[in-house]
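Enquirer: Structure file run-v7.pdb, PDB, C-alpha atoms and all ligand atoms, is pasted below:
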ATOM      1  CA  MET A1385      15.034  15.231  -6.834
ATOM      2  CA  PHE A1386      11.549  13.991  -7.738
ATOM      3  CA  ARG A1387       9.976  12.775  -4.511
ATOM      4  CA  SER A1388       6.656  11.004  -4.315
ATOM      5  CA  ASP A1389       4.409   9.212  -1.878
ATOM      6  CA  SER A1390       1.802   6.977  -3.519
ATOM      7  CA  HIS A1391       0.014   5.526  -0.473
ATOM      8  CA  THR A1392      -1.243   7.624   2.458
ATOM      9  CA  HIS A1393      -4.324   7.942   4.644
ATOM     10  CA  THR A1394      -6.486  10.711   6.099
ATOM     11  CA  THR A1395      -9.333  10.932   8.602
ATOM     12  CA  TYR A1396     -11.539   9.394   5.888
ATOM     13  CA  SER A1397      -9.860   6.082   6.809
ATOM     14  CA  SER A1398     -11.560   4.241   9.661
ATOM     15  CA  ASP A1399      -8.242   3.566  11.407
ATOM     16  CA  VAL A1400      -7.445   7.294  11.619
ATOM     17  CA  PRO A1401      -9.299   8.962  14.522
ATOM     18  CA  LYS A1402     -11.418  11.931  13.434
ATOM     19  CA  ASP A1403      -9.693  14.226  15.940
ATOM     20  CA  ARG A1404      -6.213  13.495  14.587
ATOM     21  CA  PRO A1405      -4.774  16.414  12.573
ATOM     22  CA  ALA A1406      -4.833  14.261   9.435
ATOM     23  CA  SER A1407      -7.544  15.754   7.231
ATOM     24  CA  VAL A1408      -6.921  15.741   3.469
ATOM     25  CA  ALA A1409      -5.882  19.422   3.734
ATOM     26  CA  GLN A1410      -3.591  18.839   6.726
ATOM     27  CA  MET A1411      -1.868  15.808   5.182
ATOM     28  CA  CYS A1412      -1.399  17.633   1.864
ATOM     29  CA  ALA A1413       0.028  20.674   3.657
ATOM     30  CA  ALA A1414       2.577  18.431   5.381
ATOM     31  CA  ALA A1415       3.453  16.749   2.069
ATOM     32  CA  ALA A1416       3.923  20.133   0.352
ATOM     33  CA  GLU A1417       6.115  21.268   3.236
ATOM     34  CA  LEU A1418       8.378  18.271   2.544
ATOM     35  CA  GLY A1419       8.676  19.350  -1.083
ATOM     36  CA  LEU A1420       7.013  16.290  -2.622
ATOM     37  CA  SER A1421       6.145  16.497  -6.319
ATOM     38  CA  TYR A1422       3.453  13.814  -6.170
ATOM     39  CA  TYR A1423       1.250  12.897  -3.238
ATOM     40  CA  ALA A1424      -1.548  10.330  -3.399
ATOM     41  CA  VAL A1425      -4.460  10.263  -0.961
ATOM     42  CA  THR A1426      -5.428   6.582  -0.801
ATOM     43  CA  ASP A1427      -7.922   6.014   1.987
ATOM     44  CA  HIS A1428      -9.007   2.568   3.118
ATOM     45  CA  TYR A1429     -11.936   0.887   1.440
ATOM     46  CA  ASP A1430     -12.116  -2.688   2.766
ATOM     47  CA  ILE A1431     -15.164  -3.594   0.760
ATOM     48  CA  GLU A1432     -16.782  -6.067   3.153
ATOM     49  CA  HIS A1433     -16.849  -3.497   5.966
ATOM     50  CA  PHE A1434     -18.798  -1.068   3.784
ATOM     51  CA  LYS A1435     -21.220  -3.544   2.269
ATOM     52  CA  THR A1436     -22.177  -5.348   5.471
ATOM     53  CA  GLY A1437     -22.807  -2.151   7.446
ATOM     54  CA  ILE A1438     -19.791  -2.435   9.769
ATOM     55  CA  LEU A1439     -18.851   1.010   8.460
ATOM     56  CA  PRO A1440     -21.174   3.715   7.083
ATOM     57  CA  PRO A1441     -21.028   4.297   3.300
ATOM     58  CA  PHE A1442     -17.831   5.961   2.141
ATOM     59  CA  PRO A1443     -18.592   9.598   1.115
ATOM     60  CA  PHE A1444     -16.790   9.424  -2.229
ATOM     61  CA  GLN A1445     -18.131  12.730  -3.558
ATOM     62  CA  LYS A1446     -17.124  14.771  -0.512
ATOM     63  CA  TRP A1447     -13.772  13.001  -0.370
ATOM     64  CA  TYR A1448     -13.087  13.730  -4.036
ATOM     65  CA  GLN A1449     -14.007  17.406  -3.626
ATOM     66  CA  ASP A1450     -11.492  17.621  -0.766
ATOM     67  CA  VAL A1451      -8.779  16.000  -2.912
ATOM     68  CA  LEU A1452      -9.575  18.320  -5.853
ATOM     69  CA  ALA A1453      -9.379  21.422  -3.641
ATOM     70  CA  GLU A1454      -5.846  20.426  -2.583
ATOM     71  CA  ARG A1455      -4.860  19.568  -6.159
ATOM     72  CA  GLU A1456      -5.830  23.114  -7.125
ATOM     73  CA  ARG A1457      -4.113  24.644  -4.107
ATOM     74  CA  TYR A1458      -0.754  23.053  -4.954
ATOM     75  CA  ALA A1459      -1.063  23.173  -8.765
ATOM     76  CA  GLY A1460       2.336  23.562 -10.406
ATOM     77  CA  LYS A1461       4.174  22.415  -7.267
ATOM     78  CA  MET A1462       2.746  19.094  -6.160
ATOM     79  CA  TYR A1463       0.212  16.863  -7.872
ATOM     80  CA  VAL A1464      -2.390  15.581  -5.404
ATOM     81  CA  ALA A1465      -3.588  12.251  -6.765
ATOM     82  CA  ALA A1466      -6.894  10.588  -5.994
ATOM     83  CA  GLY A1467      -6.450   6.955  -5.023
ATOM     84  CA  LEU A1468      -8.094   4.240  -3.016
ATOM     85  CA  GLU A1469      -6.709   1.360  -0.962
ATOM     86  CA  TYR A1470      -9.258  -1.227  -2.055
ATOM     87  CA  GLY A1471      -9.142  -4.024   0.534
ATOM     88  CA  GLU A1472     -10.131  -7.645  -0.169
ATOM     89  CA  PRO A1473     -12.021  -6.784  -3.398
ATOM     90  CA  TYR A1474     -12.260 -10.511  -4.346
ATOM     91  CA  LEU A1475     -14.674 -11.089  -1.404
ATOM     92  CA  LEU A1476     -17.444  -9.173  -3.185
ATOM     93  CA  PRO A1477     -16.592  -9.130  -6.901
ATOM     94  CA  GLU A1478     -20.056  -7.799  -7.771
ATOM     95  CA  TYR A1479     -18.815  -4.399  -6.524
ATOM     96  CA  TYR A1480     -15.654  -4.159  -8.683
ATOM     97  CA  ASP A1481     -17.149  -1.775 -11.240
ATOM     98  CA  GLU A1482     -18.987   0.371  -8.726
ATOM     99  CA  THR A1483     -15.838   0.830  -6.625
ATOM    100  CA  ILE A1484     -13.421   1.442  -9.444
ATOM    101  CA  HIS A1485     -15.708   4.138 -10.889
ATOM    102  CA  ALA A1486     -16.796   5.680  -7.584
ATOM    103  CA  ALA A1487     -14.566   8.705  -8.338
ATOM    104  CA  PRO A1488     -12.117   9.707 -11.125
ATOM    105  CA  PHE A1489      -9.227   7.860  -9.498
ATOM    106  CA  ASP A1490      -5.598   8.149 -10.543
ATOM    107  CA  LEU A1491      -4.675   4.894  -8.902
ATOM    108  CA  MET A1492      -6.325   1.879  -7.363
ATOM    109  CA  LEU A1493      -4.274   0.029  -4.749
ATOM    110  CA  GLY A1494      -5.159  -3.576  -3.953
ATOM    111  CA  SER A1495      -4.648  -4.925  -0.431
ATOM    112  CA  VAL A1496      -5.281  -7.833   1.906
ATOM    113  CA  HIS A1497      -5.649  -6.920   5.592
ATOM    114  CA  TYR A1498      -7.677  -9.814   7.009
ATOM    115  CA  ILE A1499      -9.506 -13.055   6.324
ATOM    116  CA  PRO A1500     -13.312 -12.810   6.845
ATOM    117  CA  GLY A1501     -14.368 -13.776  10.345
ATOM    118  CA  LYS A1502     -10.808 -13.627  11.664
ATOM    119  CA  THR A1503      -8.625 -11.080  13.410
ATOM    120  CA  GLY A1504      -6.831  -8.549  11.183
ATOM    121  CA  TYR A1505      -3.166  -9.454  10.608
ATOM    122  CA  LEU A1506      -2.203  -6.345  12.510
ATOM    123  CA  SER A1507      -3.582  -7.703  15.799
ATOM    124  CA  TYR A1508      -2.656 -11.405  15.953
ATOM    125  CA  PRO A1509      -0.818 -12.492  19.147
ATOM    126  CA  TYR A1510       2.057 -13.822  17.025
ATOM    127  CA  GLN A1511       4.304 -14.272  20.047
ATOM    128  CA  ASP A1512       1.817 -16.733  21.641
ATOM    129  CA  MET A1513       1.333 -18.829  18.500
ATOM    130  CA  THR A1514       3.241 -21.955  17.510
ATOM    131  CA  GLU A1515       5.500 -21.737  14.488
ATOM    132  CA  GLU A1516       3.145 -24.105  12.629
ATOM    133  CA  ALA A1517       0.230 -21.767  13.333
ATOM    134  CA  ARG A1518       2.208 -18.765  12.084
ATOM    135  CA  ILE A1519       3.193 -20.630   8.918
ATOM    136  CA  ALA A1520      -0.445 -21.623   8.319
ATOM    137  CA  LEU A1521      -1.493 -18.016   8.826
ATOM    138  CA  PHE A1522       1.002 -16.744   6.256
ATOM    139  CA  GLU A1523      -0.049 -19.434   3.784
ATOM    140  CA  GLU A1524      -3.656 -18.366   4.192
ATOM    141  CA  TYR A1525      -2.551 -14.782   3.562
ATOM    142  CA  LEU A1526      -0.777 -15.853   0.373
ATOM    143  CA  ASP A1527      -3.940 -17.645  -0.790
ATOM    144  CA  ALA A1528      -5.781 -14.336  -0.371
ATOM    145  CA  TRP A1529      -2.966 -12.404  -2.088
ATOM    146  CA  ASP A1530      -3.222 -14.832  -4.985
ATOM    147  CA  GLU A1531      -6.919 -14.005  -5.279
ATOM    148  CA  LEU A1532      -6.080 -10.311  -5.067
ATOM    149  CA  VAL A1533      -3.553 -10.384  -7.918
ATOM    150  CA  HIS A1534      -6.239 -11.978 -10.093
ATOM    151  CA  THR A1535      -8.689  -9.151  -9.336
ATOM    152  CA  PRO A1536      -9.369  -6.795 -12.274
ATOM    153  CA  GLY A1537      -9.129  -3.025 -11.934
ATOM    154  CA  ILE A1538      -6.138  -2.867  -9.590
ATOM    155  CA  ASP A1539      -3.156  -0.712 -10.634
ATOM    156  CA  VAL A1540      -0.706  -1.425  -7.804
ATOM    157  CA  PHE A1541      -0.494  -4.284  -5.316
ATOM    158  CA  THR A1542       0.466  -3.309  -1.790
ATOM    159  CA  HIS A1543       2.517  -4.675   1.128
ATOM    160  CA  PRO A1544       3.079  -8.300  -0.043
ATOM    161  CA  THR A1545       4.592  -9.307   3.315
ATOM    162  CA  TYR A1546       1.953  -7.617   5.481
ATOM    163  CA  PRO A1547       1.553 -10.232   8.287
ATOM    164  CA  LEU A1548       5.323 -10.659   8.612
ATOM    165  CA  ARG A1549       5.643  -6.966   9.417
ATOM    166  CA  TYR A1550       3.559  -7.449  12.579
ATOM    167  CA  CYS A1551       5.264 -10.732  13.464
ATOM    168  CA  LEU A1552       8.640  -9.001  13.441
ATOM    169  CA  ARG A1553       7.304  -6.087  15.452
ATOM    170  CA  LYS A1554       6.389  -8.591  18.149
ATOM    171  CA  GLY A1555       9.899 -10.012  18.142
ATOM    172  CA  ILE A1556       9.222 -13.133  16.081
ATOM    173  CA  PRO A1557      11.794 -13.769  13.354
ATOM    174  CA  PHE A1558      10.195 -14.869  10.123
ATOM    175  CA  GLN A1559      11.613 -15.388   6.644
ATOM    176  CA  VAL A1560       9.858 -15.460   3.294
ATOM    177  CA  SER A1561      12.426 -17.646   1.544
ATOM    178  CA  CYS A1562      10.377 -20.857   1.837
ATOM    179  CA  TRP A1563       7.599 -19.200  -0.207
ATOM    180  CA  GLU A1564       9.937 -17.991  -2.942
ATOM    181  CA  GLU A1565       8.570 -20.211  -5.701
ATOM    182  CA  ARG A1566       4.973 -19.380  -4.895
ATOM    183  CA  MET A1567       5.573 -15.652  -4.607
ATOM    184  CA  ARG A1568       7.582 -15.544  -7.833
ATOM    185  CA  ILE A1569       4.567 -16.986  -9.683
ATOM    186  CA  MET A1570       2.326 -14.247  -8.284
ATOM    187  CA  LEU A1571       4.908 -11.537  -9.000
ATOM    188  CA  ARG A1572       5.315 -12.793 -12.570
ATOM    189  CA  HIS A1573       1.543 -12.555 -12.966
ATOM    190  CA  ILE A1574       1.656  -8.902 -11.824
ATOM    191  CA  VAL A1575       4.297  -8.225 -14.498
ATOM    192  CA  GLU A1576       2.286 -10.023 -17.181
ATOM    193  CA  ILE A1577      -0.882  -8.037 -16.532
ATOM    194  CA  GLY A1578       1.074  -4.757 -16.595
ATOM    195  CA  CYS A1579       0.394  -3.766 -12.996
ATOM    196  CA  GLY A1580       2.746  -2.363 -10.394
ATOM    197  CA  LEU A1581       4.034  -3.259  -6.964
ATOM    198  CA  GLU A1582       4.761  -0.825  -4.170
ATOM    199  CA  PHE A1583       7.752  -0.510  -1.900
ATOM    200  CA  ASN A1584       5.862  -0.185   1.374
ATOM    201  CA  ALA A1585       8.294   1.622   3.666
ATOM    202  CA  ALA A1586       6.022   1.117   6.692
ATOM    203  CA  THR A1587       8.053  -2.058   6.973
ATOM    204  CA  TYR A1588      10.800   0.114   8.526
ATOM    205  CA  ARG A1589       8.457   1.750  11.040
ATOM    206  CA  VAL A1590       7.703   0.877  14.662
ATOM    207  CA  GLN A1591      10.570  -1.544  15.028
ATOM    208  CA  ASN A1592      10.297  -1.839  18.796
ATOM    209  CA  THR A1593      11.839  -5.307  18.833
ATOM    210  CA  GLY A1594      15.056  -4.521  17.021
ATOM    211  CA  ILE A1595      14.508  -7.304  14.458
ATOM    212  CA  PRO A1596      15.218  -5.720  11.086
ATOM    213  CA  ASP A1597      12.550  -6.420   8.501
ATOM    214  CA  HIS A1598      14.098  -7.080   5.102
ATOM    215  CA  THR A1599      11.232  -9.168   3.728
ATOM    216  CA  MET A1600      10.034  -6.349   1.459
ATOM    217  CA  GLU A1601      13.522  -6.080  -0.042
ATOM    218  CA  THR A1602      13.649  -9.829  -0.685
ATOM    219  CA  VAL A1603      10.304  -9.715  -2.471
ATOM    220  CA  LEU A1604      11.432  -6.726  -4.547
ATOM    221  CA  ARG A1605      14.511  -8.642  -5.679
ATOM    222  CA  TRP A1606      12.258 -11.476  -6.877
ATOM    223  CA  TYR A1607       9.964  -8.959  -8.566
ATOM    224  CA  LYS A1608      12.936  -7.433 -10.409
ATOM    225  CA  GLU A1609      14.213 -10.877 -11.424
ATOM    226  CA  VAL A1610      10.870 -11.859 -12.955
ATOM    227  CA  GLY A1611      10.843  -8.638 -15.018
ATOM    228  CA  GLY A1612       9.096  -6.208 -12.663
ATOM    229  CA  GLU A1613       9.667  -2.565 -13.585
ATOM    230  CA  ILE A1614       6.627  -0.694 -12.254
ATOM    231  CA  LEU A1615       7.422   0.223  -8.681
ATOM    232  CA  THR A1616       5.849   2.934  -6.533
ATOM    233  CA  PHE A1617       7.018   4.346  -3.212
ATOM    234  CA  ALA A1618       4.559   4.104  -0.310
ATOM    235  CA  SER A1619       4.942   5.449   3.207
ATOM    236  CA  ASP A1620       1.452   4.192   4.136
ATOM    237  CA  ALA A1621       1.329   7.219   6.462
ATOM    238  CA  HIS A1622      -1.584   7.479   8.893
ATOM    239  CA  PHE A1623       0.063  10.483  10.629
ATOM    240  CA  SER A1624       1.542  13.551   8.922
ATOM    241  CA  LYS A1625       4.915  12.809  10.555
ATOM    242  CA  ASP A1626       5.121   9.563   8.563
ATOM    243  CA  ILE A1627       4.610  11.103   5.117
ATOM    244  CA  ALA A1628       7.475  10.058   2.833
ATOM    245  CA  ALA A1629       9.211   8.508   5.859
ATOM    246  CA  HIS A1630      12.329   6.519   4.887
ATOM    247  CA  HIS A1631      11.962   7.804   1.300
ATOM    248  CA  ASP A1632      15.621   8.486   0.607
ATOM    249  CA  PHE A1633      16.789   5.284   2.299
ATOM    250  CA  ALA A1634      14.216   3.308   0.298
ATOM    251  CA  MET A1635      15.445   4.894  -2.956
ATOM    252  CA  ARG A1636      18.989   3.718  -2.189
ATOM    253  CA  VAL A1637      17.712   0.195  -1.445
ATOM    254  CA  ILE A1638      15.617   0.138  -4.625
ATOM    255  CA  ARG A1639      18.543   1.339  -6.746
ATOM    256  CA  GLU A1640      20.808  -1.267  -5.209
ATOM    257  CA  ILE A1641      18.271  -3.949  -6.161
ATOM    258  CA  GLY A1642      18.476  -2.688  -9.744
ATOM    259  CA  PHE A1643      15.487  -0.403 -10.273
ATOM    260  CA  ARG A1644      16.278   2.876 -12.044
ATOM    261  CA  TYR A1645      12.806   4.453 -12.082
ATOM    262  CA  ILE A1646      10.046   5.077  -9.597
ATOM    263  CA  ALA A1647       6.490   5.201 -10.939
ATOM    264  CA  VAL A1648       3.573   7.459 -10.066
ATOM    265  CA  TYR A1649       0.076   7.073 -11.475
ATOM    266  CA  HIS A1650      -2.100   9.550 -13.348
ATOM    267  CA  ASN A1651      -5.478   8.319 -14.550
ATOM    268  CA  HIS A1652      -4.408   4.688 -13.977
ATOM    269  CA  LYS A1653      -1.280   5.062 -16.136
ATOM    270  CA  PRO A1654       2.237   4.806 -14.708
ATOM    271  CA  GLU A1655       4.641   7.687 -15.298
ATOM    272  CA  PHE A1656       8.315   6.967 -14.654
ATOM    273  CA  HIS A1657      10.845   9.204 -12.897
ATOM    274  CA  LYS A1658      14.545   8.489 -12.666
ATOM    275  CA  ILE A1659      15.746   7.624  -9.183
ATOM    276  CA  GLU A1660      18.440  10.084  -8.134
ATOM    277  CA  CYS A1661      20.305   9.378  -4.932
TER     278      CYS A1661
HETATM  279 ZN    ZN A1701      -2.875  -1.639   3.818
HETATM  280 ZN    ZN A1702      -2.537   1.806   3.729
END
The structure given in the file should be rewritten as structure tokens.
Expert:
Amino acid sequence: MFRSDSHTHTTYSSDVPKDRPASVAQMCAAAAELGLSYYAVTDHYDIEHFKTGILPPFPFQKWYQDVLAERERYAGKMYVAAGLEYGEPYLLPEYYDETIHAAPFDLMLGSVHYIPGKTGYLSYPYQDMTEEARIALFEEYLDAWDELVHTPGIDVFTHPTYPLRYCLRKGIPFQVSCWEERMRIMLRHIVEIGCGLEFNAATYRVQNTGIPDHTMETVLRWYKEVGGEILTFASDAHFSKDIAAHHDFAMRVIREIGFRYIAVYHNHKPEFHKIEC
């Protein structure tokens, strides 16, 4: 079976400690061990953090050399793709071109992780907020996601239900159904511009509350219904143990929703592989 992982991190990402065994070489070795045919290194690049000096400049050249070395090492067995998780690009549109051409990327992921001047969605005290405040927070997120899907240069849009993931992890039930109309418009736009969406399987991870998170599946159904065909699989691994996590389960879910192919990107072009499960 063709197995891929199109969204993973290494110690080049600021949320991966430098002493974690998660270098490009270590993550690729773990991916090869799992028998993946395609593995994308997509480190974080939340643009505002790099352009306001919160983080030092991203060493694109060194990073790309590391990715190329692993591509050569596994040639013929596993393709190691060069990607970037470009966060909040719409905040500083003057850097679109520079970022997109910073290395010969295979794929450019587009993400929203935070609103400027506010806490990242990962860290909100959702359990201490009123329902109205949580709803307002998700609406603000959708405003940002709307800006993101109108950003040029993105190949695949990531985790569309990102804040809900952390809400559920803190034991707060939350549905996306009341935003169906709004999200369908954004998903239709993704289809119209020929971009892809990812199945972010991190949604199944760290469920310490026992509340199952099916929001990603709901959004994928809408995406399929509005004509979406380009779908990638993403573990969003920040540890080697999470590479391709929940892959086979996700393939069954995706097939049940009606998708027959999973996409991987080479030089910004999707390549389709039949889902076998
Ligand atoms: Zn992300
Ligand atoms: Zn990520």
Enquirer: May I have the residues within 7 Å of segment 1578-1582 of chain A as JSON, numbers by chain, using all atoms listed in the file and disregarding those fewer than 2 positions away in the same chain?
Expert: {"A": [1539, 1540, 1541, 1542, 1543, 1574, 1575, 1576, 1584, 1614, 1615, 1616, 1617, 1618]}
Enquirer: Distance atom CA of Val1425 of chain A-atom CA of Gly1501 of chain A, one decimal place?
Expert: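 If I compute the distance from atom CA of Val1425 of chain A to atom CA of Gly1501 of chain A, I get 28.4 Å.
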Enquirer: If you count only C-alpha atoms, which residues fall within 9 Å of Ser1407 of chain A, apart from same-chain ones fewer than 5 positions away, as a CSV table (one decimal) with C-alpha atoms, in the coordinates of the input?
Expert:
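File written: around.csv
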chain,number,residue,atom,x,y,z
A,1393,HIS,CA,-4.3,7.9,4.6
A,1394,THR,CA,-6.5,10.7,6.1
A,1395,THR,CA,-9.3,10.9,8.6
A,1396,TYR,CA,-11.5,9.4,5.9
A,1402,LYS,CA,-11.4,11.9,13.4
A,1412,CYS,CA,-1.4,17.6,1.9
Enquirer: May I ask for the distance between atom CA of Ile1627 of chain A and atom CA of Ile1595 of chain A, given in Å to one decimal place?
Expert: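 Straight-line distance from atom CA of Ile1627 of chain A to atom CA of Ile1595 of chain A works out to 22.9 Å.
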Enquirer: What's the separation between atom CA of Arg1589 of chain A and atom CA of Tyr1423 of chain A, in Å to one decimal place?
Expert: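 That distance, rounded to one decimal, is 19.5 Å.
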Enquirer: Quick one: everything within 10 Å of Thr1535 of chain A, counting only C-alpha atoms, minus sequence neighbours fewer than 6 positions away in the same chain. Send it as a PDB file with C-alpha atoms, in the coordinates of the input.
Expert:
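Everything below was put into around18.pdb:
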ATOM      1  CA  GLU A1472     -10.131  -7.645  -0.169  1.00  0.00           C
ATOM      2  CA  PRO A1473     -12.021  -6.784  -3.398  1.00  0.00           C
ATOM      3  CA  TYR A1474     -12.260 -10.511  -4.346  1.00  0.00           C
ATOM      4  CA  PRO A1477     -16.592  -9.130  -6.901  1.00  0.00           C
ATOM      5  CA  TYR A1480     -15.654  -4.159  -8.683  1.00  0.00           C
ATOM      6  CA  GLY A1494      -5.159  -3.576  -3.953  1.00  0.00           C
ATOM      7  CA  TRP A1529      -2.966 -12.404  -2.088  1.00  0.00           C
TER       8      TRP A1529
END
Enquirer: For Leu1571 of chain A, which residue among A:Trp1606, A:Phe1522, A:Tyr1588, A:Tyr1645 is the nearest when counting only C-alpha atoms?
Expert: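 Counting only C-alpha atoms, the residue closest to Leu1571 of chain A is A:Trp1606.
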Enquirer: Once the PyMOL selection byres (((not hetatm)) within 9 of (chain A and resi 1701)) has been applied to the shown file, what residues remain in the selection, as a VMD selection string?
Expert: chain A and resid 1391 1428 1469 to 1471 1493 to 1497 1542 to 1543 1546 1620
Enquirer: Determine the residue set returned by the PyMOL selection byres (((chain A and resi 1634) around 12) and not hetatm) for the present structure, and present it as a PyMOL selection string.
Expert: chain A and resi 1387-1389+1582-1588+1598+1600-1601+1604+1615-1619+1628-1633+1635-1641+1643+1646+1659-1661
Enquirer: Using only C-alpha atoms, pick whichever of A:Val1533, A:Leu1526, A:Leu1548, A:Val1648 has the shortest atom-to-atom distance to Tyr1510 of chain A.
Expert: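 For Tyr1510 of chain A, the nearest of the candidates is A:Leu1548.
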Enquirer: If you count all atoms listed in the file, which residues fall within 10 Å of Glu1564 of chain A, apart from same-chain ones fewer than 5 positions away, as a list in words?
Expert: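 Once the nearby chain positions are removed, what remains is Ile1569, Thr1602, Val1603 and Trp1606 of chain A.
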Enquirer: Rank nothing, just name the residue among A:Tyr1463, A:Phe1656, A:Trp1447, A:Tyr1498 nearest to Asp1527 of chain A, using all atoms listed in the file.
Expert: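 Residue with the minimum atom-to-atom distance to Asp1527 of chain A: A:Tyr1498.
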Enquirer: Just so the selection is clear, what residues does the PyMOL selection byres (((chain A and resi 1408) around 12) and not hetatm) cover here, as JSON, numbers by chain?
Expert: {"A": [1392, 1393, 1394, 1395, 1396, 1397, 1400, 1402, 1404, 1405, 1406, 1407, 1409, 1410, 1411, 1412, 1413, 1414, 1415, 1423, 1424, 1425, 1426, 1427, 1446, 1447, 1448, 1449, 1450, 1451, 1452, 1453, 1454, 1455, 1464, 1465, 1466, 1622, 1623, 1624]}
Enquirer: Specify the axis-aligned box that encloses all atoms of segment 1643-1646 of chain A listed in the file after padding of 3 Å on each side, stating its centre and edge lengths in Å to one decimal as JSON.
Expert:
{"center_x": 13.2, "center_y": 2.3, "center_z": -10.8, "size_x": 12.2, "size_y": 11.5, "size_z": 8.5}
Enquirer: May I ask which of the residues A:Tyr1607, A:Tyr1508, A:Phe1444, A:Tyr1429 is the closest one to ligand ZN 1702 (chain A), counting all atoms listed in the file?
Expert: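 Once distances to ligand ZN 1702 (chain A) are computed over all atoms listed in the file, the minimum belongs to A:Tyr1429.
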Enquirer: Which one of A:Asp1399, A:Asp1490, A:Asp1626, A:Glu1478 sits closest to Tyr1649 of chain A if you count all atoms listed in the file?
Expert: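 Smallest separation from Tyr1649 of chain A among the options: A:Asp1490.
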